[in-house]
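Shown next: work-v1.cif, given as mmCIF, C-alpha atoms.
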```cif
data_final
loop_
_atom_site.group_PDB
_atom_site.id
_atom_site.type_symbol
_atom_site.label_atom_id
_atom_site.label_comp_id
_atom_site.auth_asym_id
_atom_site.auth_seq_id
_atom_site.Cartn_x
_atom_site.Cartn_y
_atom_site.Cartn_z
ATOM 1 C CA MET A 1 80.563 233.067 7.158
ATOM 2 C CA ILE A 2 80.707 229.858 5.132
ATOM 3 C CA PHE A 3 83.458 228.529 7.398
ATOM 4 C CA MET A 4 81.419 229.361 10.518
ATOM 5 C CA ARG A 5 78.323 227.715 9.058
ATOM 6 C CA ASP A 6 80.242 224.573 8.076
ATOM 7 C CA PHE A 7 81.920 224.473 11.491
ATOM 8 C CA TYR A 8 78.570 224.757 13.260
ATOM 9 C CA ASN A 9 76.961 222.096 11.091
ATOM 10 C CA LYS A 10 79.868 219.726 11.702
ATOM 11 C CA TYR A 11 80.066 220.237 15.476
ATOM 12 C CA LYS A 12 76.487 221.334 16.193
ATOM 13 C CA ILE A 13 75.813 218.852 18.991
ATOM 14 C CA GLY A 14 79.120 219.611 20.729
ATOM 15 C CA ILE A 15 78.505 223.363 20.517
ATOM 16 C CA ILE A 16 75.001 222.995 21.983
ATOM 17 C CA ILE A 17 76.307 220.800 24.815
ATOM 18 C CA PHE A 18 79.073 223.325 25.525
ATOM 19 C CA CYS A 19 76.573 226.217 25.616
ATOM 20 C CA ILE A 20 74.241 224.356 28.005
ATOM 21 C CA ALA A 21 77.176 223.563 30.307
ATOM 22 C CA LEU A 22 78.452 227.138 30.100
ATOM 23 C CA CYS A 23 75.040 228.619 30.949
ATOM 24 C CA ALA A 24 74.594 226.299 33.945
ATOM 25 C CA ARG A 25 77.988 227.274 35.331
ATOM 26 C CA VAL A 26 77.570 231.001 34.737
ATOM 27 C CA VAL A 27 74.114 231.000 36.371
ATOM 28 C CA LEU A 28 75.305 229.179 39.496
ATOM 29 C CA PHE A 29 78.390 231.384 39.801
ATOM 30 C CA SER A 30 76.187 234.472 39.462
ATOM 31 C CA LEU A 31 74.097 233.276 42.422
ATOM 32 C CA ASN A 32 77.213 232.610 44.495
ATOM 33 C CA PHE A 33 78.708 235.942 43.450
ATOM 34 C CA SER A 34 75.555 237.756 44.546
ATOM 35 C CA HIS A 35 75.539 235.837 47.843
ATOM 36 C CA THR A 36 79.084 237.072 48.636
ATOM 37 C CA ASN A 37 78.051 240.689 47.946
ATOM 38 C CA TYR A 38 79.928 240.609 44.637
ATOM 39 C CA ASN A 39 83.248 239.723 46.243
ATOM 40 C CA LEU A 40 85.040 237.623 43.615
ATOM 41 C CA VAL A 41 87.575 235.996 45.930
ATOM 42 C CA GLY A 42 84.801 235.193 48.393
ATOM 43 C CA ALA A 43 82.806 233.511 45.628
ATOM 44 C CA ILE A 44 85.656 231.339 44.287
ATOM 45 C CA HIS A 45 87.788 230.763 47.396
ATOM 46 C CA GLY A 46 88.000 227.168 48.615
ATOM 47 C CA ASP A 47 89.366 225.853 51.908
ATOM 48 C CA ASP A 48 92.195 223.793 50.361
ATOM 49 C CA GLY A 49 94.635 226.699 50.303
ATOM 50 C CA TYR A 50 95.038 227.105 46.540
ATOM 51 C CA TYR A 51 94.244 230.809 46.676
ATOM 52 C CA GLU A 52 96.844 231.326 49.397
ATOM 53 C CA ILE A 53 99.492 229.337 47.519
ATOM 54 C CA SER A 54 98.834 231.322 44.352
ATOM 55 C CA GLN A 55 99.267 234.520 46.376
ATOM 56 C CA GLY A 56 102.565 233.189 47.708
ATOM 57 C CA LEU A 57 103.766 232.529 44.163
ATOM 58 C CA ILE A 58 102.547 235.900 42.858
ATOM 59 C CA HIS A 59 104.270 237.833 45.647
ATOM 60 C CA GLY A 60 107.514 235.857 45.438
ATOM 61 C CA HIS A 61 107.193 234.011 48.737
ATOM 62 C CA GLY A 62 107.501 230.595 47.109
ATOM 63 C CA PHE A 63 105.168 227.607 47.093
ATOM 64 C CA THR A 64 103.585 228.394 50.435
ATOM 65 C CA GLY A 65 100.139 228.796 51.919
ATOM 66 C CA SER A 66 101.493 231.009 54.703
ATOM 67 C CA THR A 67 100.212 234.566 54.579
ATOM 68 C CA VAL A 68 102.828 235.940 57.000
ATOM 69 C CA GLU A 69 106.451 235.092 57.732
ATOM 70 C CA PRO A 70 107.881 232.529 58.059
ATOM 71 C CA PHE A 71 106.667 231.344 54.678
ATOM 72 C CA VAL A 72 106.536 227.593 55.248
ATOM 73 C CA PRO A 73 106.673 225.394 52.095
ATOM 74 C CA ASN A 74 103.349 223.677 51.477
ATOM 75 C CA PRO A 75 103.668 219.862 51.694
ATOM 76 C CA LEU A 76 100.133 218.908 50.627
ATOM 77 C CA ARG A 77 99.246 220.488 47.293
ATOM 78 C CA PRO A 78 100.823 219.458 43.960
ATOM 79 C CA PRO A 79 102.028 222.246 41.671
ATOM 80 C CA VAL A 80 100.063 222.375 38.397
ATOM 81 C CA TRP A 81 96.853 224.020 39.601
ATOM 82 C CA PRO A 82 98.451 226.646 41.911
ATOM 83 C CA PHE A 83 100.974 227.597 39.202
ATOM 84 C CA THR A 84 98.157 227.818 36.628
ATOM 85 C CA ILE A 85 96.185 230.133 38.914
ATOM 86 C CA ALA A 86 99.230 232.307 39.626
ATOM 87 C CA LEU A 87 100.210 232.477 35.932
ATOM 88 C CA LEU A 88 96.732 233.560 34.841
ATOM 89 C CA VAL A 89 96.572 236.230 37.544
ATOM 90 C CA LYS A 90 100.075 237.422 36.676
ATOM 91 C CA ILE A 91 99.230 237.714 32.975
ATOM 92 C CA PHE A 92 95.738 239.227 33.258
ATOM 93 C CA GLY A 93 96.052 240.936 36.634
ATOM 94 C CA SER A 94 92.880 239.489 38.115
ATOM 95 C CA TYR A 95 91.300 236.301 39.436
ATOM 96 C CA TRP A 96 88.530 236.874 36.903
ATOM 97 C CA ALA A 97 90.879 235.252 34.381
ATOM 98 C CA VAL A 98 91.075 232.147 36.580
ATOM 99 C CA LEU A 99 87.287 232.027 36.878
ATOM 100 C CA VAL A 100 86.789 232.321 33.106
ATOM 101 C CA PHE A 101 89.439 229.656 32.460
ATOM 102 C CA GLU A 102 87.928 227.232 34.968
ATOM 103 C CA ILE A 103 84.370 227.733 33.709
ATOM 104 C CA LEU A 104 85.520 227.176 30.119
ATOM 105 C CA ILE A 105 87.371 223.925 30.824
ATOM 106 C CA GLY A 106 84.481 222.870 33.062
ATOM 107 C CA SER A 107 82.142 223.413 30.116
ATOM 108 C CA LEU A 108 84.413 221.308 27.899
ATOM 109 C CA ILE A 109 84.257 218.321 30.285
ATOM 110 C CA PRO A 110 80.777 217.222 29.028
ATOM 111 C CA ILE A 111 82.120 217.212 25.463
ATOM 112 C CA LEU A 112 85.097 215.076 26.494
ATOM 113 C CA GLY A 113 82.775 212.734 28.381
ATOM 114 C CA MET A 114 80.520 212.508 25.359
ATOM 115 C CA ARG A 115 83.444 211.664 23.068
ATOM 116 C CA ILE A 116 84.586 208.927 25.431
ATOM 117 C CA ALA A 117 81.056 207.527 25.591
ATOM 118 C CA ARG A 118 80.945 207.429 21.772
ATOM 119 C CA ARG A 119 84.044 205.198 21.817
ATOM 120 C CA PHE A 120 82.081 202.610 23.775
ATOM 121 C CA SER A 121 78.627 202.951 22.228
ATOM 122 C CA SER A 122 77.313 204.170 18.890
ATOM 123 C CA ARG A 123 73.831 204.648 20.348
ATOM 124 C CA LYS A 124 73.027 208.347 20.343
ATOM 125 C CA VAL A 125 70.989 208.138 23.540
ATOM 126 C CA VAL A 126 74.088 206.877 25.393
ATOM 127 C CA TRP A 127 76.683 209.445 24.376
ATOM 128 C CA LEU A 128 74.264 212.371 24.133
ATOM 129 C CA GLY A 129 72.822 211.452 27.547
ATOM 130 C CA THR A 130 76.342 211.386 28.970
ATOM 131 C CA GLY A 131 76.993 214.892 27.669
ATOM 132 C CA LEU A 132 73.722 216.288 29.013
ATOM 133 C CA LEU A 133 74.198 214.698 32.439
ATOM 134 C CA LEU A 134 77.720 216.125 32.721
ATOM 135 C CA CYS A 135 76.369 219.547 31.683
ATOM 136 C CA LEU A 136 73.983 219.667 34.621
ATOM 137 C CA GLU A 137 75.566 217.428 37.267
ATOM 138 C CA PRO A 138 75.336 219.740 40.316
ATOM 139 C CA TYR A 139 78.717 219.020 41.897
ATOM 140 C CA GLY A 140 80.538 219.477 38.591
ATOM 141 C CA VAL A 141 78.715 222.749 37.960
ATOM 142 C CA LEU A 142 79.589 224.043 41.431
ATOM 143 C CA LEU A 143 83.261 223.054 41.265
ATOM 144 C CA SER A 144 83.691 224.854 37.934
ATOM 145 C CA SER A 145 83.832 228.164 39.776
ATOM 146 C CA LEU A 146 85.717 227.216 42.945
ATOM 147 C CA LEU A 147 89.488 227.031 43.399
ATOM 148 C CA TYR A 148 89.525 223.284 43.967
ATOM 149 C CA THR A 149 91.406 220.808 41.789
ATOM 150 C CA GLU A 150 88.461 218.710 40.591
ATOM 151 C CA THR A 151 87.692 220.647 37.401
ATOM 152 C CA MET A 152 91.309 220.911 36.244
ATOM 153 C CA PHE A 153 91.995 217.295 37.168
ATOM 154 C CA THR A 154 88.889 215.935 35.435
ATOM 155 C CA PHE A 155 89.667 217.938 32.279
ATOM 156 C CA LEU A 156 93.234 216.602 32.070
ATOM 157 C CA PHE A 157 92.264 213.070 33.082
ATOM 158 C CA LEU A 158 89.552 212.771 30.428
ATOM 159 C CA ILE A 159 91.999 213.934 27.742
ATOM 160 C CA PHE A 160 94.425 211.278 28.992
ATOM 161 C CA PHE A 161 91.648 208.699 28.780
ATOM 162 C CA LEU A 162 90.836 209.651 25.189
ATOM 163 C CA PHE A 163 94.469 209.142 24.183
ATOM 164 C CA LEU A 164 94.523 205.884 26.176
ATOM 165 C CA ILE A 165 91.613 204.562 24.092
ATOM 166 C CA ARG A 166 93.306 205.705 20.900
ATOM 167 C CA TYR A 167 96.583 204.080 21.884
ATOM 168 C CA PHE A 168 95.020 200.678 22.455
ATOM 169 C CA ARG A 169 93.401 200.945 19.015
ATOM 170 C CA ASP A 170 96.455 201.879 16.945
ATOM 171 C CA LYS A 171 99.485 201.390 19.282
ATOM 172 C CA SER A 172 101.062 204.583 17.899
ATOM 173 C CA LEU A 173 103.974 206.279 19.655
ATOM 174 C CA ARG A 174 102.260 209.652 19.254
ATOM 175 C CA ASN A 175 99.198 208.561 21.251
ATOM 176 C CA LEU A 176 101.418 206.898 23.854
ATOM 177 C CA VAL A 177 103.351 210.134 24.414
ATOM 178 C CA TRP A 178 100.259 212.367 24.626
ATOM 179 C CA MET A 179 98.542 209.847 26.900
ATOM 180 C CA THR A 180 101.533 209.905 29.270
ATOM 181 C CA VAL A 181 101.893 213.695 29.201
ATOM 182 C CA PHE A 182 98.269 214.308 30.171
ATOM 183 C CA LEU A 183 98.380 211.580 32.821
ATOM 184 C CA GLY A 184 101.513 213.196 34.259
ATOM 185 C CA LEU A 185 99.867 216.623 34.345
ATOM 186 C CA ALA A 186 96.720 215.162 35.918
ATOM 187 C CA THR A 187 98.874 213.487 38.581
ATOM 188 C CA LEU A 188 100.540 216.832 39.336
ATOM 189 C CA VAL A 189 97.035 218.162 39.989
ATOM 190 C CA LYS A 190 95.806 215.176 42.054
ATOM 191 C CA PRO A 191 98.378 212.505 43.001
ATOM 192 C CA THR A 192 95.702 209.796 43.253
ATOM 193 C CA THR A 193 96.612 208.717 39.707
ATOM 194 C CA GLN A 194 100.330 208.216 40.355
ATOM 195 C CA TYR A 195 100.117 204.408 40.160
ATOM 196 C CA ILE A 196 98.017 204.227 36.978
ATOM 197 C CA PRO A 197 101.117 203.747 34.744
ATOM 198 C CA ILE A 198 101.685 200.389 36.453
ATOM 199 C CA VAL A 199 98.122 199.361 35.592
ATOM 200 C CA ILE A 200 98.594 200.522 31.988
ATOM 201 C CA VAL A 201 101.807 198.493 31.692
ATOM 202 C CA LEU A 202 99.918 195.404 32.867
ATOM 203 C CA PHE A 203 97.198 196.045 30.275
ATOM 204 C CA ILE A 204 99.822 196.519 27.540
ATOM 205 C CA LEU A 205 101.477 193.229 28.473
ATOM 206 C CA PHE A 206 98.138 191.455 28.631
ATOM 207 C CA ASP A 207 97.099 192.868 25.265
ATOM 208 C CA ALA A 208 100.399 191.663 23.738
ATOM 209 C CA ARG A 209 100.543 188.408 25.702
ATOM 210 C CA LYS A 210 100.836 186.302 22.541
ATOM 211 C CA ASN A 211 103.597 188.444 21.078
ATOM 212 C CA VAL A 212 105.590 190.633 23.493
ATOM 213 C CA SER A 213 107.669 192.299 20.806
ATOM 214 C CA ARG A 214 110.550 194.736 21.051
ATOM 215 C CA LYS A 215 108.138 197.549 20.158
ATOM 216 C CA VAL A 216 105.930 196.646 23.127
ATOM 217 C CA LEU A 217 108.896 196.752 25.526
ATOM 218 C CA GLN A 218 110.076 200.055 24.031
ATOM 219 C CA HIS A 219 106.632 201.586 24.553
ATOM 220 C CA ILE A 220 106.577 200.420 28.175
ATOM 221 C CA ILE A 221 109.991 201.980 28.805
ATOM 222 C CA ILE A 222 108.957 205.244 27.114
ATOM 223 C CA LEU A 223 105.713 205.369 29.129
ATOM 224 C CA LEU A 224 107.419 204.876 32.497
ATOM 225 C CA ALA A 225 110.423 207.089 31.708
ATOM 226 C CA LEU A 226 108.341 209.993 30.396
ATOM 227 C CA PHE A 227 105.948 209.791 33.341
ATOM 228 C CA ILE A 228 108.855 209.871 35.820
ATOM 229 C CA ILE A 229 110.464 212.785 33.945
ATOM 230 C CA ILE A 230 107.247 214.805 34.223
ATOM 231 C CA LEU A 231 107.025 214.168 37.976
ATOM 232 C CA ALA A 232 110.771 214.468 38.625
ATOM 233 C CA PRO A 233 111.011 218.258 39.275
ATOM 234 C CA TRP A 234 108.277 218.056 41.918
ATOM 235 C CA LEU A 235 109.744 214.944 43.520
ATOM 236 C CA TYR A 236 113.140 216.668 43.620
ATOM 237 C CA ARG A 237 111.577 219.756 45.229
ATOM 238 C CA ASN A 238 110.055 217.605 47.958
ATOM 239 C CA TYR A 239 113.336 215.765 48.511
ATOM 240 C CA VAL A 240 115.281 219.019 48.860
ATOM 241 C CA THR A 241 112.606 220.648 51.030
ATOM 242 C CA PHE A 242 111.483 217.736 53.210
ATOM 243 C CA GLY A 243 114.123 215.067 52.692
ATOM 244 C CA LYS A 244 111.705 212.579 51.120
ATOM 245 C CA VAL A 245 110.926 211.536 47.551
ATOM 246 C CA ALA A 246 107.120 211.609 47.492
ATOM 247 C CA MET A 247 104.287 213.510 45.852
ATOM 248 C CA SER A 248 102.447 214.816 48.910
ATOM 249 C CA ALA A 249 101.822 214.402 52.635
ATOM 250 C CA GLN A 250 98.093 214.426 51.884
ATOM 251 C CA VAL A 251 97.538 210.744 52.714
ATOM 252 C CA SER A 252 98.964 211.035 56.231
ATOM 253 C CA PHE A 253 97.238 214.393 56.727
ATOM 254 C CA ASN A 254 93.809 213.044 55.713
ATOM 255 C CA LEU A 255 94.183 209.889 57.798
ATOM 256 C CA TYR A 256 95.141 211.780 60.944
ATOM 257 C CA VAL A 257 93.128 215.001 60.632
ATOM 258 C CA TYR A 258 89.935 213.792 58.928
ATOM 259 C CA LEU A 259 89.497 210.024 59.030
ATOM 260 C CA VAL A 260 90.394 209.393 62.685
ATOM 261 C CA PRO A 261 87.939 211.996 64.087
ATOM 262 C CA THR A 262 85.285 210.713 61.664
ATOM 263 C CA VAL A 263 85.702 207.117 62.816
ATOM 264 C CA LEU A 264 85.772 208.127 66.492
ATOM 265 C CA SER A 265 82.527 210.059 66.019
ATOM 266 C CA TYR A 266 80.814 206.817 64.900
ATOM 267 C CA ASP A 267 81.892 204.821 67.954
ATOM 268 C CA ASN A 268 81.419 207.662 70.459
ATOM 269 C CA HIS A 269 78.064 208.747 68.963
ATOM 270 C CA THR A 270 79.220 212.339 68.661
ATOM 271 C CA SER A 271 79.895 214.719 65.789
ATOM 272 C CA PHE A 272 83.045 215.138 63.724
ATOM 273 C CA ARG A 273 83.622 218.568 65.290
ATOM 274 C CA VAL A 274 83.525 217.185 68.838
ATOM 275 C CA GLU A 275 86.038 214.454 68.036
ATOM 276 C CA TYR A 276 88.219 216.821 66.008
ATOM 277 C CA ASP A 277 88.416 219.216 68.949
ATOM 278 C CA LYS A 278 89.343 216.390 71.345
ATOM 279 C CA PHE A 279 91.851 214.811 68.977
ATOM 280 C CA ILE A 280 93.396 217.912 67.410
ATOM 281 C CA THR A 281 92.387 221.182 69.068
ATOM 282 C CA ASP A 282 92.683 220.072 72.706
ATOM 283 C CA LYS A 283 96.154 218.686 71.983
ATOM 284 C CA ARG A 284 97.069 222.080 70.556
ATOM 285 C CA LEU A 285 98.362 220.359 67.454
ATOM 286 C CA ASP A 286 99.069 222.652 64.529
ATOM 287 C CA VAL A 287 97.990 220.470 61.603
ATOM 288 C CA ASN A 288 100.141 222.630 59.321
ATOM 289 C CA THR A 289 103.209 221.004 60.875
ATOM 290 C CA ILE A 290 102.340 217.697 59.175
ATOM 291 C CA ASN A 291 104.685 217.379 56.204
ATOM 292 C CA LEU A 292 106.626 214.779 54.271
ATOM 293 C CA SER A 293 109.448 214.648 56.811
ATOM 294 C CA ASN A 294 107.123 213.521 59.637
ATOM 295 C CA SER A 295 104.216 212.054 57.635
ATOM 296 C CA ASP A 296 105.097 208.440 58.529
ATOM 297 C CA HIS A 297 104.773 209.242 62.236
ATOM 298 C CA TYR A 298 101.255 210.641 61.847
ATOM 299 C CA LYS A 299 100.242 207.870 59.435
ATOM 300 C CA ASP A 300 101.364 205.177 61.886
ATOM 301 C CA GLN A 301 99.512 206.861 64.733
ATOM 302 C CA ALA A 302 96.345 207.121 62.665
ATOM 303 C CA ILE A 303 96.507 203.497 61.533
ATOM 304 C CA SER A 304 97.007 202.236 65.096
ATOM 305 C CA ILE A 305 93.819 204.052 66.150
ATOM 306 C CA LEU A 306 91.846 202.917 63.118
ATOM 307 C CA LYS A 307 92.750 199.275 63.849
ATOM 308 C CA ASP A 308 90.838 199.573 67.125
ATOM 309 C CA HIS A 309 87.730 200.907 65.362
ATOM 310 C CA LYS A 310 87.302 198.540 62.409
ATOM 311 C CA VAL A 311 83.481 198.538 62.385
ATOM 312 C CA ALA A 312 83.320 202.330 62.514
ATOM 313 C CA LEU A 313 85.922 202.485 59.724
ATOM 314 C CA ALA A 314 83.775 200.159 57.606
ATOM 315 C CA LYS A 315 80.736 202.403 58.257
ATOM 316 C CA SER A 316 82.723 205.480 57.239
ATOM 317 C CA ILE A 317 83.948 203.827 54.041
ATOM 318 C CA GLY A 318 80.416 202.647 53.241
ATOM 319 C CA THR A 319 79.021 206.149 53.737
ATOM 320 C CA THR A 320 81.741 207.607 51.527
ATOM 321 C CA ILE A 321 81.011 205.114 48.754
ATOM 322 C CA VAL A 322 77.285 205.909 48.824
ATOM 323 C CA THR A 323 77.719 209.691 48.924
#
```

This structure in structure tokens:
Amino acid sequence: MIFMRDFYNKYKIGIIIFCIALCARVVLFSLNFSHTNYNLVGAIHGDDGYYEISQGLIHGHGFTGSTVEPFVPNPLRPPVWPFTIALLVKIFGSYWAVLVFEILIGSLIPILGMRIARRFSSRKVVWLGTGLLLCLEPYGVLLSSLLYTETMFTFLFLIFFLFLIRYFRDKSLRNLVWMTVFLGLATLVKPTTQYIPIVIVLFILFDARKNVSRKVLQHIIILLALFIIILAPWLYRNYVTFGKVAMSAQVSFNLYVYLVPTVLSYDNHTSFRVEYDKFITDKRLDVNTINLSNSDHYKDQAISILKDHKVALAKSIGTTIVT
């Protein structure tokens, strides 16, 4: 009892923030769960294929989103989140375990955000406000109970950022290693961070610009080598499967399948669905055939179209930034 009391007194604010975040997420999931007539998969299923890939892994069909034969390897989604989903279901026998896990790490995100804010400001209103806002931010609350990558990615990325701050304060090898590990895991959830190590190296060199010592060079080598080692199994899988060393075909897929119809809808004064049907459906193109082996072809086609619609592209980018 004394330990629990001391623990609560020491971490009281963090515990309260966690409980507020947890309640917000449980309440919203309960509404969604009720709306799907208490169908769990219906309440947590997203349209990015993570449920299907986890099913493929659970049933021994490999890393595939295909529900029937042939089980085609998925070229878009990185491995950490689908494997986490499949592992939790395999251990506990239900997707309820995945839901609980995601809600818990989603409820920890405000605490991580609050700790980061405290590194930049000692003013209580700043870091406490950060925690409260992250507790109740609607999109974050919603995504804490859906099988998208945002919650897992944000959780891992914020831990990486905490170790990044610590590293630049003490330059310890321990913080460098943990920083790189969590950045590597975050990248295997969302590849958008794959070039951050280059930026970190530049910051390290800038920070040590007056004395680029042997220790600095060693840390740079360790950072880059460890990051590559973490990504290497996935890069090797893609090379063996698709003949290309790359993280994902997502860039080419998004350019061709989403951005081009969006831009065309601006210039043609139609909707995304109309342009998608003309550009994809009417051509009878199976978008699932876009993979790493042919991604350059679709990327080049998309870019050639986008070059002819520069104003519409600027409008689309502007809208994205605002939203």

Please report as JSON lines every residue of region 51-145 of chain A lying within 9 Å of region 161-171 of chain A, along with the nearest atom pair and their distance in Å (one decimal), using all atoms listed in the file.
```
{"residue": "A:Leu112", "atom": "CA", "partner": "A:Leu162", "partner_atom": "CA", "distance": 8.0}
{"residue": "A:Arg115", "atom": "CA", "partner": "A:Leu162", "partner_atom": "CA", "distance": 7.9}
{"residue": "A:Ile116", "atom": "CA", "partner": "A:Leu162", "partner_atom": "CA", "distance": 6.3}
{"residue": "A:Arg119", "atom": "CA", "partner": "A:Ile165", "partner_atom": "CA", "distance": 7.9}
```

- Query: When you draw a straight line from CA of Phe33 (chain A) to CA of Pro82 (chain A), how long is it in Å?
  - Reply: 21.9 Å

- Would you kindly translate the PyMOL selection byres ((chain A and resi 261) around 8) into the concrete residues it picks from this file, as a list in words?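 Given this file, the PyMOL selection byres ((chain A and resi 261) around 8) evaluates to Tyr256, Val257, Tyr258, Leu259, Val260, Thr262, Val263, Leu264, Ser265, Phe272, Arg273, Glu275, Tyr276 and Phe279 of chain A.
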
Store the residues picked out above in a file with C-alpha atoms, as a PDB file, keeping the file's coordinate frame.
```pdb
ATOM      1  CA  TYR A 256      95.141 211.780  60.944  1.00  0.00           C
ATOM      2  CA  VAL A 257      93.128 215.001  60.632  1.00  0.00           C
ATOM      3  CA  TYR A 258      89.935 213.792  58.928  1.00  0.00           C
ATOM      4  CA  LEU A 259      89.497 210.024  59.030  1.00  0.00           C
ATOM      5  CA  VAL A 260      90.394 209.393  62.685  1.00  0.00           C
ATOM      6  CA  THR A 262      85.285 210.713  61.664  1.00  0.00           C
ATOM      7  CA  VAL A 263      85.702 207.117  62.816  1.00  0.00           C
ATOM      8  CA  LEU A 264      85.772 208.127  66.492  1.00  0.00           C
ATOM      9  CA  SER A 265      82.527 210.059  66.019  1.00  0.00           C
ATOM     10  CA  PHE A 272      83.045 215.138  63.724  1.00  0.00           C
ATOM     11  CA  ARG A 273      83.622 218.568  65.290  1.00  0.00           C
ATOM     12  CA  GLU A 275      86.038 214.454  68.036  1.00  0.00           C
ATOM     13  CA  TYR A 276      88.219 216.821  66.008  1.00  0.00           C
ATOM     14  CA  PHE A 279      91.851 214.811  68.977  1.00  0.00           C
TER      15      PHE A 279
END
```

- Task: May I have the residues at most 7 Å from (84.9, 229.6, 42.5) in the file's coordinates, counting all atoms listed in the file, as a list of chain:residue names?
- Result: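 Those within range, by chain then number, are A:Ala43, A:Ile44, A:His45, A:Leu99, A:Leu143, A:Ser144, A:Ser145, A:Leu146, A:Leu147.
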
- So how far away is CA of Ile305 (chain A) from CA of Tyr266 (chain A), in Å?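 Answer for the CA of Tyr266 (chain A) to CA of Ile305 (chain A) separation: 13.4 Å.
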
I need the residue set behind the PyMOL selection byres ((chain A and resi 7-22) around 10) for this file; please write it as a PDB file with C-alpha atoms, keeping the file's coordinate frame.
```pdb
ATOM      1  CA  MET A   1      80.563 233.067   7.158  1.00  0.00           C
ATOM      2  CA  ILE A   2      80.707 229.858   5.132  1.00  0.00           C
ATOM      3  CA  PHE A   3      83.458 228.529   7.398  1.00  0.00           C
ATOM      4  CA  MET A   4      81.419 229.361  10.518  1.00  0.00           C
ATOM      5  CA  ARG A   5      78.323 227.715   9.058  1.00  0.00           C
ATOM      6  CA  ASP A   6      80.242 224.573   8.076  1.00  0.00           C
ATOM      7  CA  CYS A  23      75.040 228.619  30.949  1.00  0.00           C
ATOM      8  CA  ALA A  24      74.594 226.299  33.945  1.00  0.00           C
ATOM      9  CA  ARG A  25      77.988 227.274  35.331  1.00  0.00           C
ATOM     10  CA  VAL A  26      77.570 231.001  34.737  1.00  0.00           C
ATOM     11  CA  VAL A  27      74.114 231.000  36.371  1.00  0.00           C
ATOM     12  CA  ILE A 103      84.370 227.733  33.709  1.00  0.00           C
ATOM     13  CA  LEU A 104      85.520 227.176  30.119  1.00  0.00           C
ATOM     14  CA  ILE A 105      87.371 223.925  30.824  1.00  0.00           C
ATOM     15  CA  GLY A 106      84.481 222.870  33.062  1.00  0.00           C
ATOM     16  CA  SER A 107      82.142 223.413  30.116  1.00  0.00           C
ATOM     17  CA  LEU A 108      84.413 221.308  27.899  1.00  0.00           C
ATOM     18  CA  ILE A 109      84.257 218.321  30.285  1.00  0.00           C
ATOM     19  CA  PRO A 110      80.777 217.222  29.028  1.00  0.00           C
ATOM     20  CA  ILE A 111      82.120 217.212  25.463  1.00  0.00           C
ATOM     21  CA  LEU A 112      85.097 215.076  26.494  1.00  0.00           C
ATOM     22  CA  MET A 114      80.520 212.508  25.359  1.00  0.00           C
ATOM     23  CA  ARG A 115      83.444 211.664  23.068  1.00  0.00           C
ATOM     24  CA  LEU A 128      74.264 212.371  24.133  1.00  0.00           C
ATOM     25  CA  GLY A 131      76.993 214.892  27.669  1.00  0.00           C
ATOM     26  CA  LEU A 132      73.722 216.288  29.013  1.00  0.00           C
ATOM     27  CA  LEU A 133      74.198 214.698  32.439  1.00  0.00           C
ATOM     28  CA  LEU A 134      77.720 216.125  32.721  1.00  0.00           C
ATOM     29  CA  CYS A 135      76.369 219.547  31.683  1.00  0.00           C
ATOM     30  CA  LEU A 136      73.983 219.667  34.621  1.00  0.00           C
ATOM     31  CA  GLU A 137      75.566 217.428  37.267  1.00  0.00           C
ATOM     32  CA  GLY A 140      80.538 219.477  38.591  1.00  0.00           C
ATOM     33  CA  VAL A 141      78.715 222.749  37.960  1.00  0.00           C
ATOM     34  CA  SER A 144      83.691 224.854  37.934  1.00  0.00           C
TER      35      SER A 144
END
```

- Task: Would you be able to write out as a ChimeraX atom specification which residues have an atom within 10 Å of (104.6, 205.3, 21.3) in the file's coordinates, counting only C-alpha atoms?
- Result: /A:167,170-180,215-216,218-223

Please produce a file of the residues just selected, as a PDB file, keeping the file's coordinate frame, where the atoms kept are C-alpha atoms.
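Resulting contents of result06.pdb:
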```pdb
ATOM      1  CA  TYR A 167      96.583 204.080  21.884  1.00  0.00           C
ATOM      2  CA  ASP A 170      96.455 201.879  16.945  1.00  0.00           C
ATOM      3  CA  LYS A 171      99.485 201.390  19.282  1.00  0.00           C
ATOM      4  CA  SER A 172     101.062 204.583  17.899  1.00  0.00           C
ATOM      5  CA  LEU A 173     103.974 206.279  19.655  1.00  0.00           C
ATOM      6  CA  ARG A 174     102.260 209.652  19.254  1.00  0.00           C
ATOM      7  CA  ASN A 175      99.198 208.561  21.251  1.00  0.00           C
ATOM      8  CA  LEU A 176     101.418 206.898  23.854  1.00  0.00           C
ATOM      9  CA  VAL A 177     103.351 210.134  24.414  1.00  0.00           C
ATOM     10  CA  TRP A 178     100.259 212.367  24.626  1.00  0.00           C
ATOM     11  CA  MET A 179      98.542 209.847  26.900  1.00  0.00           C
ATOM     12  CA  THR A 180     101.533 209.905  29.270  1.00  0.00           C
ATOM     13  CA  LYS A 215     108.138 197.549  20.158  1.00  0.00           C
ATOM     14  CA  VAL A 216     105.930 196.646  23.127  1.00  0.00           C
ATOM     15  CA  GLN A 218     110.076 200.055  24.031  1.00  0.00           C
ATOM     16  CA  HIS A 219     106.632 201.586  24.553  1.00  0.00           C
ATOM     17  CA  ILE A 220     106.577 200.420  28.175  1.00  0.00           C
ATOM     18  CA  ILE A 221     109.991 201.980  28.805  1.00  0.00           C
ATOM     19  CA  ILE A 222     108.957 205.244  27.114  1.00  0.00           C
ATOM     20  CA  LEU A 223     105.713 205.369  29.129  1.00  0.00           C
TER      21      LEU A 223
END
```

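From CA of Val189 (chain A) back to CA of Thr281 (chain A), the distance works out to 29.6 Å.
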
- Chain and number of each residue from the PyMOL selection byres ((chain A and resi 298) around 10), as JSON, numbers by chain: {"A": [249, 251, 252, 253, 254, 255, 256, 257, 290, 291, 294, 295, 296, 297, 299, 300, 301, 302, 303, 304]}
